[in-house]
file model-v7.pdb (PDB, C-alpha atoms)
MODEL        1
ATOM      1  CA  ASN A   1      -9.872  12.058  27.802
ATOM      2  CA  TRP A   2     -10.623  13.776  24.495
ATOM      3  CA  LEU A   3      -7.792  12.033  22.657
ATOM      4  CA  GLU A   4      -9.373   8.677  23.503
ATOM      5  CA  TYR A   5     -12.796  10.006  22.536
ATOM      6  CA  PHE A   6     -11.770  11.295  19.081
ATOM      7  CA  PHE A   7      -9.024   8.851  18.107
ATOM      8  CA  ASN A   8      -8.861   5.088  17.729
ATOM      9  CA  GLU A   9      -5.599   3.748  19.155
ATOM     10  CA  GLN A  10      -6.322   0.228  17.933
ATOM     11  CA  ALA A  11      -7.027   0.898  14.271
ATOM     12  CA  PRO A  12      -6.532  -2.395  12.425
ATOM     13  CA  VAL A  13      -4.345  -2.780   9.347
ATOM     14  CA  TRP A  14      -4.197  -5.832   7.124
ATOM     15  CA  SER A  15      -2.629  -6.641   3.809
ATOM     16  CA  VAL A  16      -2.277  -9.650   1.535
ATOM     17  CA  ASP A  17       0.298  -9.992  -1.217
ATOM     18  CA  ALA A  18       0.767 -12.869  -3.641
ATOM     19  CA  SER A  19       3.224 -13.242  -6.463
ATOM     20  CA  VAL A  20       4.410 -15.804  -8.973
ATOM     21  CA  SER A  21       7.507 -15.746 -11.111
ATOM     22  CA  GLY A  22       9.343 -18.062 -13.445
ATOM     23  CA  SER A  23      11.591 -18.332 -16.435
ATOM     24  CA  SER A  24      12.453 -20.476 -19.399
ATOM     25  CA  ASP A  25      15.360 -20.494 -21.826
ATOM     26  CA  LYS A  26      13.982 -17.478 -23.636
ATOM     27  CA  SER A  27      11.554 -15.724 -21.279
ATOM     28  CA  ASP A  28      10.998 -14.631 -17.686
ATOM     29  CA  TYR A  29       7.876 -13.371 -15.977
ATOM     30  CA  TYR A  30       6.628 -11.945 -12.699
ATOM     31  CA  PHE A  31       3.013 -11.328 -11.588
ATOM     32  CA  SER A  32       1.833  -9.924  -8.271
ATOM     33  CA  LEU A  33      -1.471  -9.056  -6.626
ATOM     34  CA  GLY A  34      -1.850  -7.036  -3.468
ATOM     35  CA  THR A  35      -4.533  -5.647  -1.220
ATOM     36  CA  PHE A  36      -4.218  -3.297   1.734
ATOM     37  CA  ASP A  37      -6.859  -2.123   4.189
ATOM     38  CA  GLN A  38      -6.364   0.322   7.039
ATOM     39  CA  THR A  39      -8.820   1.883   9.460
ATOM     40  CA  GLY A  40      -7.492   5.308  10.356
ATOM     41  CA  THR A  41      -6.757   6.443  13.877
ATOM     42  CA  ALA A  42      -8.588   9.711  13.141
ATOM     43  CA  PRO A  43     -12.398   9.577  13.002
ATOM     44  CA  TYR A  44     -14.019   8.715   9.664
ATOM     45  CA  SER A  45     -10.706   7.926   8.003
ATOM     46  CA  ASP A  46      -9.688   4.755   6.208
ATOM     47  CA  LEU A  47      -7.811   3.447   3.189
ATOM     48  CA  GLU A  48      -8.433   0.496   0.874
ATOM     49  CA  ARG A  49      -6.042  -0.318  -1.979
ATOM     50  CA  TYR A  50      -5.755  -3.054  -4.634
ATOM     51  CA  SER A  51      -2.812  -3.445  -6.980
ATOM     52  CA  ILE A  52      -1.669  -5.651  -9.846
ATOM     53  CA  ARG A  53       1.816  -5.731 -11.336
ATOM     54  CA  SER A  54       3.288  -7.778 -14.197
ATOM     55  CA  ASN A  55       6.682  -7.947 -15.899
ATOM     56  CA  ILE A  56       7.459 -10.103 -18.936
ATOM     57  CA  ASN A  57      10.707 -10.278 -20.922
ATOM     58  CA  THR A  58      11.383 -12.536 -23.874
ATOM     59  CA  ASN A  59      14.199 -13.194 -26.328
ATOM     60  CA  VAL A  60      12.364 -13.584 -29.624
ATOM     61  CA  ASN A  61      15.561 -14.686 -31.388
ATOM     62  CA  ASP A  62      19.318 -14.054 -31.196
ATOM     63  CA  TRP A  63      19.026 -10.386 -32.148
ATOM     64  CA  LEU A  64      15.590  -9.290 -30.786
ATOM     65  CA  LYS A  65      14.476  -8.949 -27.168
ATOM     66  CA  MET A  66      11.139  -7.494 -26.010
ATOM     67  CA  GLY A  67       9.492  -6.768 -22.684
ATOM     68  CA  ILE A  68       6.491  -5.232 -20.999
ATOM     69  CA  SER A  69       5.819  -3.989 -17.485
ATOM     70  CA  LEU A  70       2.287  -3.046 -16.371
ATOM     71  CA  GLY A  71       0.899  -1.786 -13.092
ATOM     72  CA  LEU A  72      -2.668  -1.021 -12.045
ATOM     73  CA  THR A  73      -3.748   0.422  -8.691
ATOM     74  CA  TYR A  74      -7.188   1.248  -7.327
ATOM     75  CA  GLN A  75      -7.487   3.181  -4.078
ATOM     76  CA  ASP A  76     -10.514   4.254  -2.050
ATOM     77  CA  TYR A  77     -10.023   6.462   1.001
ATOM     78  CA  ARG A  78     -11.523   8.933   3.442
ATOM     79  CA  THR A  79      -9.762  11.511   5.585
ATOM     80  CA  ALA A  80     -11.082  12.986   8.794
ATOM     81  CA  GLY A  81     -13.094  16.141   8.174
ATOM     82  CA  PHE A  82     -11.484  19.450   9.124
ATOM     83  CA  ILE A  83      -8.113  17.723   9.520
ATOM     84  CA  THR A  84      -6.606  20.302   7.144
ATOM     85  CA  SER A  85      -8.303  23.217   8.917
ATOM     86  CA  GLY A  86      -5.334  24.004  11.131
ATOM     87  CA  ASN A  87      -6.417  25.315  14.510
ATOM     88  CA  SER A  88     -10.149  25.003  13.859
ATOM     89  CA  TRP A  89     -12.274  23.909  16.827
ATOM     90  CA  TYR A  90     -13.638  21.237  14.517
ATOM     91  CA  ASN A  91     -10.271  19.708  13.683
ATOM     92  CA  PRO A  92     -10.240  16.610  15.963
ATOM     93  CA  VAL A  93      -6.569  17.174  16.841
ATOM     94  CA  SER A  94      -7.261  20.760  17.926
ATOM     95  CA  ALA A  95     -10.497  19.814  19.681
ATOM     96  CA  ALA A  96      -8.733  17.073  21.662
ATOM     97  CA  ASN A  97      -6.257  19.676  22.935
ATOM     98  CA  TRP A  98      -8.652  22.567  23.522
ATOM     99  CA  LEU A  99     -11.778  20.979  24.964
ATOM    100  CA  PHE A 100     -12.029  21.164  28.741
ATOM    101  CA  PRO A 101     -11.754  17.833  30.575
ATOM    102  CA  TRP A 102     -14.907  18.481  32.640
ATOM    103  CA  ILE A 103     -17.147  18.742  29.562
ATOM    104  CA  THR A 104     -18.732  15.449  28.579
ATOM    105  CA  PRO A 105     -19.700  14.416  25.039
ATOM    106  CA  TYR A 106     -22.682  12.429  26.430
ATOM    107  CA  ASP A 107     -26.089  13.482  27.726
ATOM    108  CA  GLU A 108     -27.826  12.119  30.844
ATOM    109  CA  ASP A 109     -29.042   9.048  28.894
ATOM    110  CA  GLY A 110     -25.541   8.215  27.612
ATOM    111  CA  ASN A 111     -26.261   9.435  24.082
ATOM    112  CA  GLU A 112     -23.638  11.391  22.209
ATOM    113  CA  ARG A 113     -24.387  15.091  22.265
ATOM    114  CA  GLN A 114     -24.491  17.005  18.994
ATOM    115  CA  VAL A 115     -23.933  20.419  20.574
ATOM    116  CA  PHE A 116     -21.789  21.574  23.505
ATOM    117  CA  LYS A 117     -23.889  24.263  25.161
ATOM    118  CA  GLU A 118     -21.023  24.967  27.592
ATOM    119  CA  LEU A 119     -19.040  26.263  24.606
ATOM    120  CA  GLY A 120     -21.683  28.587  23.204
ATOM    121  CA  GLY A 121     -23.338  25.988  20.982
ATOM    122  CA  MET A 122     -20.214  24.516  19.401
ATOM    123  CA  TYR A 123     -21.023  21.347  17.455
ATOM    124  CA  ASN A 124     -19.414  18.048  18.338
ATOM    125  CA  THR A 125     -16.811  17.466  15.614
ATOM    126  CA  LEU A 126     -17.802  13.788  15.335
ATOM    127  CA  TYR A 127     -21.382  14.840  14.643
ATOM    128  CA  LEU A 128     -20.226  17.314  11.975
ATOM    129  CA  GLN A 129     -18.128  14.652  10.299
ATOM    130  CA  GLU A 130     -21.020  12.193  10.395
ATOM    131  CA  ILE A 131     -23.344  14.599   8.574
ATOM    132  CA  GLN A 132     -20.658  15.622   6.059
ATOM    133  CA  PRO A 133     -19.524  12.333   4.516
ATOM    134  CA  SER A 134     -16.790  12.487   1.940
ATOM    135  CA  SER A 135     -14.750   9.945   0.033
ATOM    136  CA  ALA A 136     -12.176   9.882  -2.711
ATOM    137  CA  ASN A 137     -10.861   7.237  -5.041
ATOM    138  CA  TYR A 138      -8.466   6.930  -7.892
ATOM    139  CA  ILE A 139      -7.307   4.402 -10.398
ATOM    140  CA  ARG A 140      -3.762   4.631 -11.702
ATOM    141  CA  VAL A 141      -2.113   2.755 -14.545
ATOM    142  CA  ASN A 142       1.498   2.790 -15.631
ATOM    143  CA  GLY A 143       3.219   0.674 -18.211
ATOM    144  CA  ASN A 144       6.425   0.372 -20.154
ATOM    145  CA  THR A 145       7.394  -1.640 -23.190
ATOM    146  CA  TYR A 146      10.739  -1.994 -24.912
ATOM    147  CA  GLN A 147      12.261  -3.554 -27.993
ATOM    148  CA  GLU A 148      15.967  -4.219 -28.144
ATOM    149  CA  ILE A 149      17.872  -5.295 -31.244
ATOM    150  CA  ASN A 150      21.490  -6.350 -31.722
ATOM    151  CA  PRO A 151      22.058  -6.064 -35.494
ATOM    152  CA  ILE A 152      25.813  -6.580 -35.109
ATOM    153  CA  LYS A 153      27.967  -7.713 -32.215
ATOM    154  CA  GLY A 154      28.649  -4.862 -29.763
ATOM    155  CA  LEU A 155      25.816  -2.635 -31.051
ATOM    156  CA  THR A 156      22.497  -2.470 -29.187
ATOM    157  CA  ILE A 157      19.562  -0.349 -30.312
ATOM    158  CA  ARG A 158      16.721   0.028 -27.824
ATOM    159  CA  ALA A 159      13.296   1.669 -28.173
ATOM    160  CA  GLN A 160      11.052   2.336 -25.172
ATOM    161  CA  GLN A 161       7.440   3.423 -24.787
ATOM    162  CA  ALA A 162       5.685   4.418 -21.563
ATOM    163  CA  LEU A 163       2.173   5.223 -20.424
ATOM    164  CA  GLU A 164       1.009   6.712 -17.161
ATOM    165  CA  GLY A 165      -2.463   7.885 -16.294
ATOM    166  CA  TYR A 166      -4.968   8.206 -13.501
ATOM    167  CA  ASP A 167      -8.598   9.052 -12.828
ATOM    168  CA  TYR A 168      -9.317  10.754  -9.491
ATOM    169  CA  ARG A 169     -12.778  11.395  -7.997
ATOM    170  CA  ASN A 170     -13.845  13.129  -4.807
ATOM    171  CA  SER A 171     -17.395  13.185  -3.402
ATOM    172  CA  TYR A 172     -18.685  15.390  -0.598
ATOM    173  CA  LYS A 173     -22.094  15.905   1.041
ATOM    174  CA  ALA A 174     -23.520  18.098   3.777
ATOM    175  CA  LEU A 175     -26.743  16.449   4.887
ATOM    176  CA  PRO A 176     -29.729  18.802   5.422
ATOM    177  CA  THR A 177     -29.728  18.536   9.210
ATOM    178  CA  GLY A 178     -28.200  20.357  12.188
ATOM    179  CA  PRO A 179     -26.294  23.417  10.946
ATOM    180  CA  PHE A 180     -27.301  22.588   7.360
ATOM    181  CA  ALA A 181     -31.033  22.140   8.011
ATOM    182  CA  GLY A 182     -32.905  22.983   4.822
ATOM    183  CA  ALA A 183     -29.679  23.682   2.942
ATOM    184  CA  GLY A 184     -27.856  20.420   2.310
ATOM    185  CA  THR A 185     -25.295  20.260  -0.458
ATOM    186  CA  ALA A 186     -23.534  17.662  -2.562
ATOM    187  CA  SER A 187     -20.565  17.999  -4.840
ATOM    188  CA  GLU A 188     -18.282  15.801  -6.853
ATOM    189  CA  ASP A 189     -15.122  16.636  -8.696
ATOM    190  CA  PHE A 190     -12.679  14.625 -10.718
ATOM    191  CA  SER A 191      -9.446  14.986 -12.607
ATOM    192  CA  ARG A 192      -7.709  12.884 -15.205
ATOM    193  CA  TYR A 193      -4.161  12.722 -16.364
ATOM    194  CA  HIS A 194      -2.306  10.717 -18.981
TER     195      HIS A 194
ENDMDL
END
call {"tool": "encode", "arguments": {"input": "model-v7.pdb", "output": "structure tokens"}}
result
Amino acid sequence: NWLEYFFNEQAPVWSVDASVSGSSDKSDYYFSLGTFDQTGTAPYSDLERYSIRSNINTNVNDWLKMGISLGLTYQDYRTAGFITSGNSWYNPVSAANWLFPWITPYDEDGNERQVFKELGGMYNTLYLQEIQPSSANYIRVNGNTYQEINPIKGLTIRAQQALEGYDYRNSYKALPTGPFAGAGTASEDFSRYH
């Protein structure tokens, strides 16, 4: 059963969230921390995320109110190789549907085969993903501040400022073995926004 071979039906997910909030006569606050971890059902896929959020509002006096809201997220993840390659033989979804049920991914000794000779030398997609590790991560920050004044009854003047930004990185390697023998590659790209 190629679906069972390529995909993990029991991929664990766990998360932990904690928060604290409170208020006084003049101020209120909220802080939260969270973490999330998921093993993907597709091979070599997973997600790990950490986040922090805070909100603070305070009445400085009868006519001035101020507040700040900040959020920070860090995420590290991998996606299954060739998953965006549509109908490629090496996309695990396509391979699970196209591979014949009488072909086995194991040799006589029970070891996983790297090549399917029955299919003209097609590589096992799990082997290709193993020798082409990739990962991506990003850190994102967003924040808002405001100042609100009431110079006279019935008139409110409010100023707001906001910041959003992220840093994204992606790393990819093709190890110098198998189809890449003597010609391994490595690349890394990143983008930033604010």
call {"tool": "resolve_selection", "arguments": {"input": "model-v7.pdb", "expression": "the PyMOL selection byres ((chain A and resi 126) around 10)", "output": "PyMOL selection string"}}
result
chain A and resi 5-6+43-44+80-81+90-92+105+112-114+123-125+127-132
call {"tool": "resolve_selection", "arguments": {"input": "model-v7.pdb", "expression": "the PyMOL selection byres ((chain A and resi 27) around 10)", "output": "list in words"}}
result
Gly22, Ser23, Ser24, Asp25, Lys26, Asp28, Tyr29, Ile56, Asn57, Thr58, Asn59, Val60, Lys65, Met66 and Gly67 of chain A
call {"tool": "resolve_selection", "arguments": {"input": "model-v7.pdb", "expression": "the PyMOL selection byres ((chain A and resi 77) around 6)", "output": "MDAnalysis selection string"}}
result
chainID A and resid 46:47 76 78 135:136
call {"tool": "closest_residue", "arguments": {"input": "model-v7.pdb", "among": "A:Leu119, A:Phe82, A:Tyr30, A:Ser134", "to": "Trp98 (chain A)", "atoms": "only C-alpha atoms"}}
result
A:Leu119
call {"tool": "atom_distance", "arguments": {"input": "model-v7.pdb", "atom1": "CA of Arg53 (chain A)", "atom2": "CA of Ser32 (chain A)"}}
result
5.2 Å
call {"tool": "closest_residue", "arguments": {"input": "model-v7.pdb", "among": "A:Asn55, A:Glu148, A:Thr39, A:Ser21", "to": "Glu9 (chain A)", "atoms": "only C-alpha atoms"}}
result
A:Thr39
call {"tool": "closest_residue", "arguments": {"input": "model-v7.pdb", "among": "A:Ile52, A:Leu3, A:Val93, A:Val16", "to": "Thr35 (chain A)", "atoms": "all atoms listed in the file"}}
result
A:Val16
call {"tool": "residues_near_point", "arguments": {"input": "model-v7.pdb", "point": "(-21.9, 19.4, -4.9)", "cutoff": "8 Å", "atoms": "all atoms listed in the file", "output": "PDB file with C-alpha atoms, in the coordinates of the input"}}
result
ATOM      1  CA  SER A 171     -17.395  13.185  -3.402  1.00  0.00           C
ATOM      2  CA  TYR A 172     -18.685  15.390  -0.598  1.00  0.00           C
ATOM      3  CA  LYS A 173     -22.094  15.905   1.041  1.00  0.00           C
ATOM      4  CA  THR A 185     -25.295  20.260  -0.458  1.00  0.00           C
ATOM      5  CA  ALA A 186     -23.534  17.662  -2.562  1.00  0.00           C
ATOM      6  CA  SER A 187     -20.565  17.999  -4.840  1.00  0.00           C
ATOM      7  CA  GLU A 188     -18.282  15.801  -6.853  1.00  0.00           C
TER       8      GLU A 188
END
call {"tool": "closest_residue", "arguments": {"input": "model-v7.pdb", "among": "A:Thr41, A:Phe31, A:Lys153, A:Ala159", "to": "Gln10 (chain A)", "atoms": "only C-alpha atoms"}}
result
A:Thr41
call {"tool": "atom_distance", "arguments": {"input": "model-v7.pdb", "atom1": "CA of Ser88 (chain A)", "atom2": "CA of Thr177 (chain A)"}}
result
21.1 Å
call {"tool": "atom_distance", "arguments": {"input": "model-v7.pdb", "atom1": "CA of Tyr146 (chain A)", "atom2": "CA of Gln161 (chain A)"}}
result
6.3 Å
call {"tool": "residues_around", "arguments": {"input": "model-v7.pdb", "residues": "Phe100 (chain A)", "least_positions_apart": "4", "cutoff": "10 Å", "atoms": "only C-alpha atoms", "output": "ChimeraX atom specification"}}
result
/A:1-2,95-96,104,118-119
call {"tool": "write_last_selection", "arguments": {"input": "model-v7.pdb", "atoms": "C-alpha atoms", "output": "mmCIF file, keeping the file's coordinate frame"}}
result
data_model
loop_
_atom_site.group_PDB
_atom_site.id
_atom_site.type_symbol
_atom_site.label_atom_id
_atom_site.label_comp_id
_atom_site.auth_asym_id
_atom_site.auth_seq_id
_atom_site.Cartn_x
_atom_site.Cartn_y
_atom_site.Cartn_z
ATOM 1 C CA ASN A 1 -9.872 12.058 27.802
ATOM 2 C CA TRP A 2 -10.623 13.776 24.495
ATOM 3 C CA ALA A 95 -10.497 19.814 19.681
ATOM 4 C CA ALA A 96 -8.733 17.073 21.662
ATOM 5 C CA THR A 104 -18.732 15.449 28.579
ATOM 6 C CA GLU A 118 -21.023 24.967 27.592
ATOM 7 C CA LEU A 119 -19.040 26.263 24.606
#
call {"tool": "residues_near_point", "arguments": {"input": "model-v7.pdb", "point": "(17.2, -4.7, -27.2)", "cutoff": "7 Å", "atoms": "all atoms listed in the file", "output": "list of chain:residue names"}}
result
A:Leu64, A:Lys65, A:Met66, A:Gln147, A:Glu148, A:Ile149, A:Asn150, A:Thr156, A:Ile157, A:Arg158
call {"tool": "axis_aligned_box", "arguments": {"input": "model-v7.pdb", "around": "region 68-87 of chain A", "padding_each_side": "3 Å", "output": "lines of an AutoDock Vina configuration file"}}
result
center_x = -3.3
center_y = 10.0
center_z = -3.2
size_x = 25.6
size_y = 36.5
size_z = 41.5
call {"tool": "residues_around", "arguments": {"input": "model-v7.pdb", "residues": "Tyr138 (chain A)", "least_positions_apart": "2", "cutoff": "6 Å", "atoms": "only C-alpha atoms", "output": "MDAnalysis selection string"}}
result
chainID A and resid 74:75 167:168
call {"tool": "closest_residue", "arguments": {"input": "model-v7.pdb", "among": "A:Thr145, A:Pro133, A:Leu99, A:Arg192", "to": "Ala174 (chain A)", "atoms": "all atoms listed in the file"}}
result
A:Pro133
call {"tool": "closest_residue", "arguments": {"input": "model-v7.pdb", "among": "A:Asp62, A:Glu108, A:Glu4, A:Asp17", "to": "Ala42 (chain A)", "atoms": "all atoms listed in the file"}}
result
A:Glu4
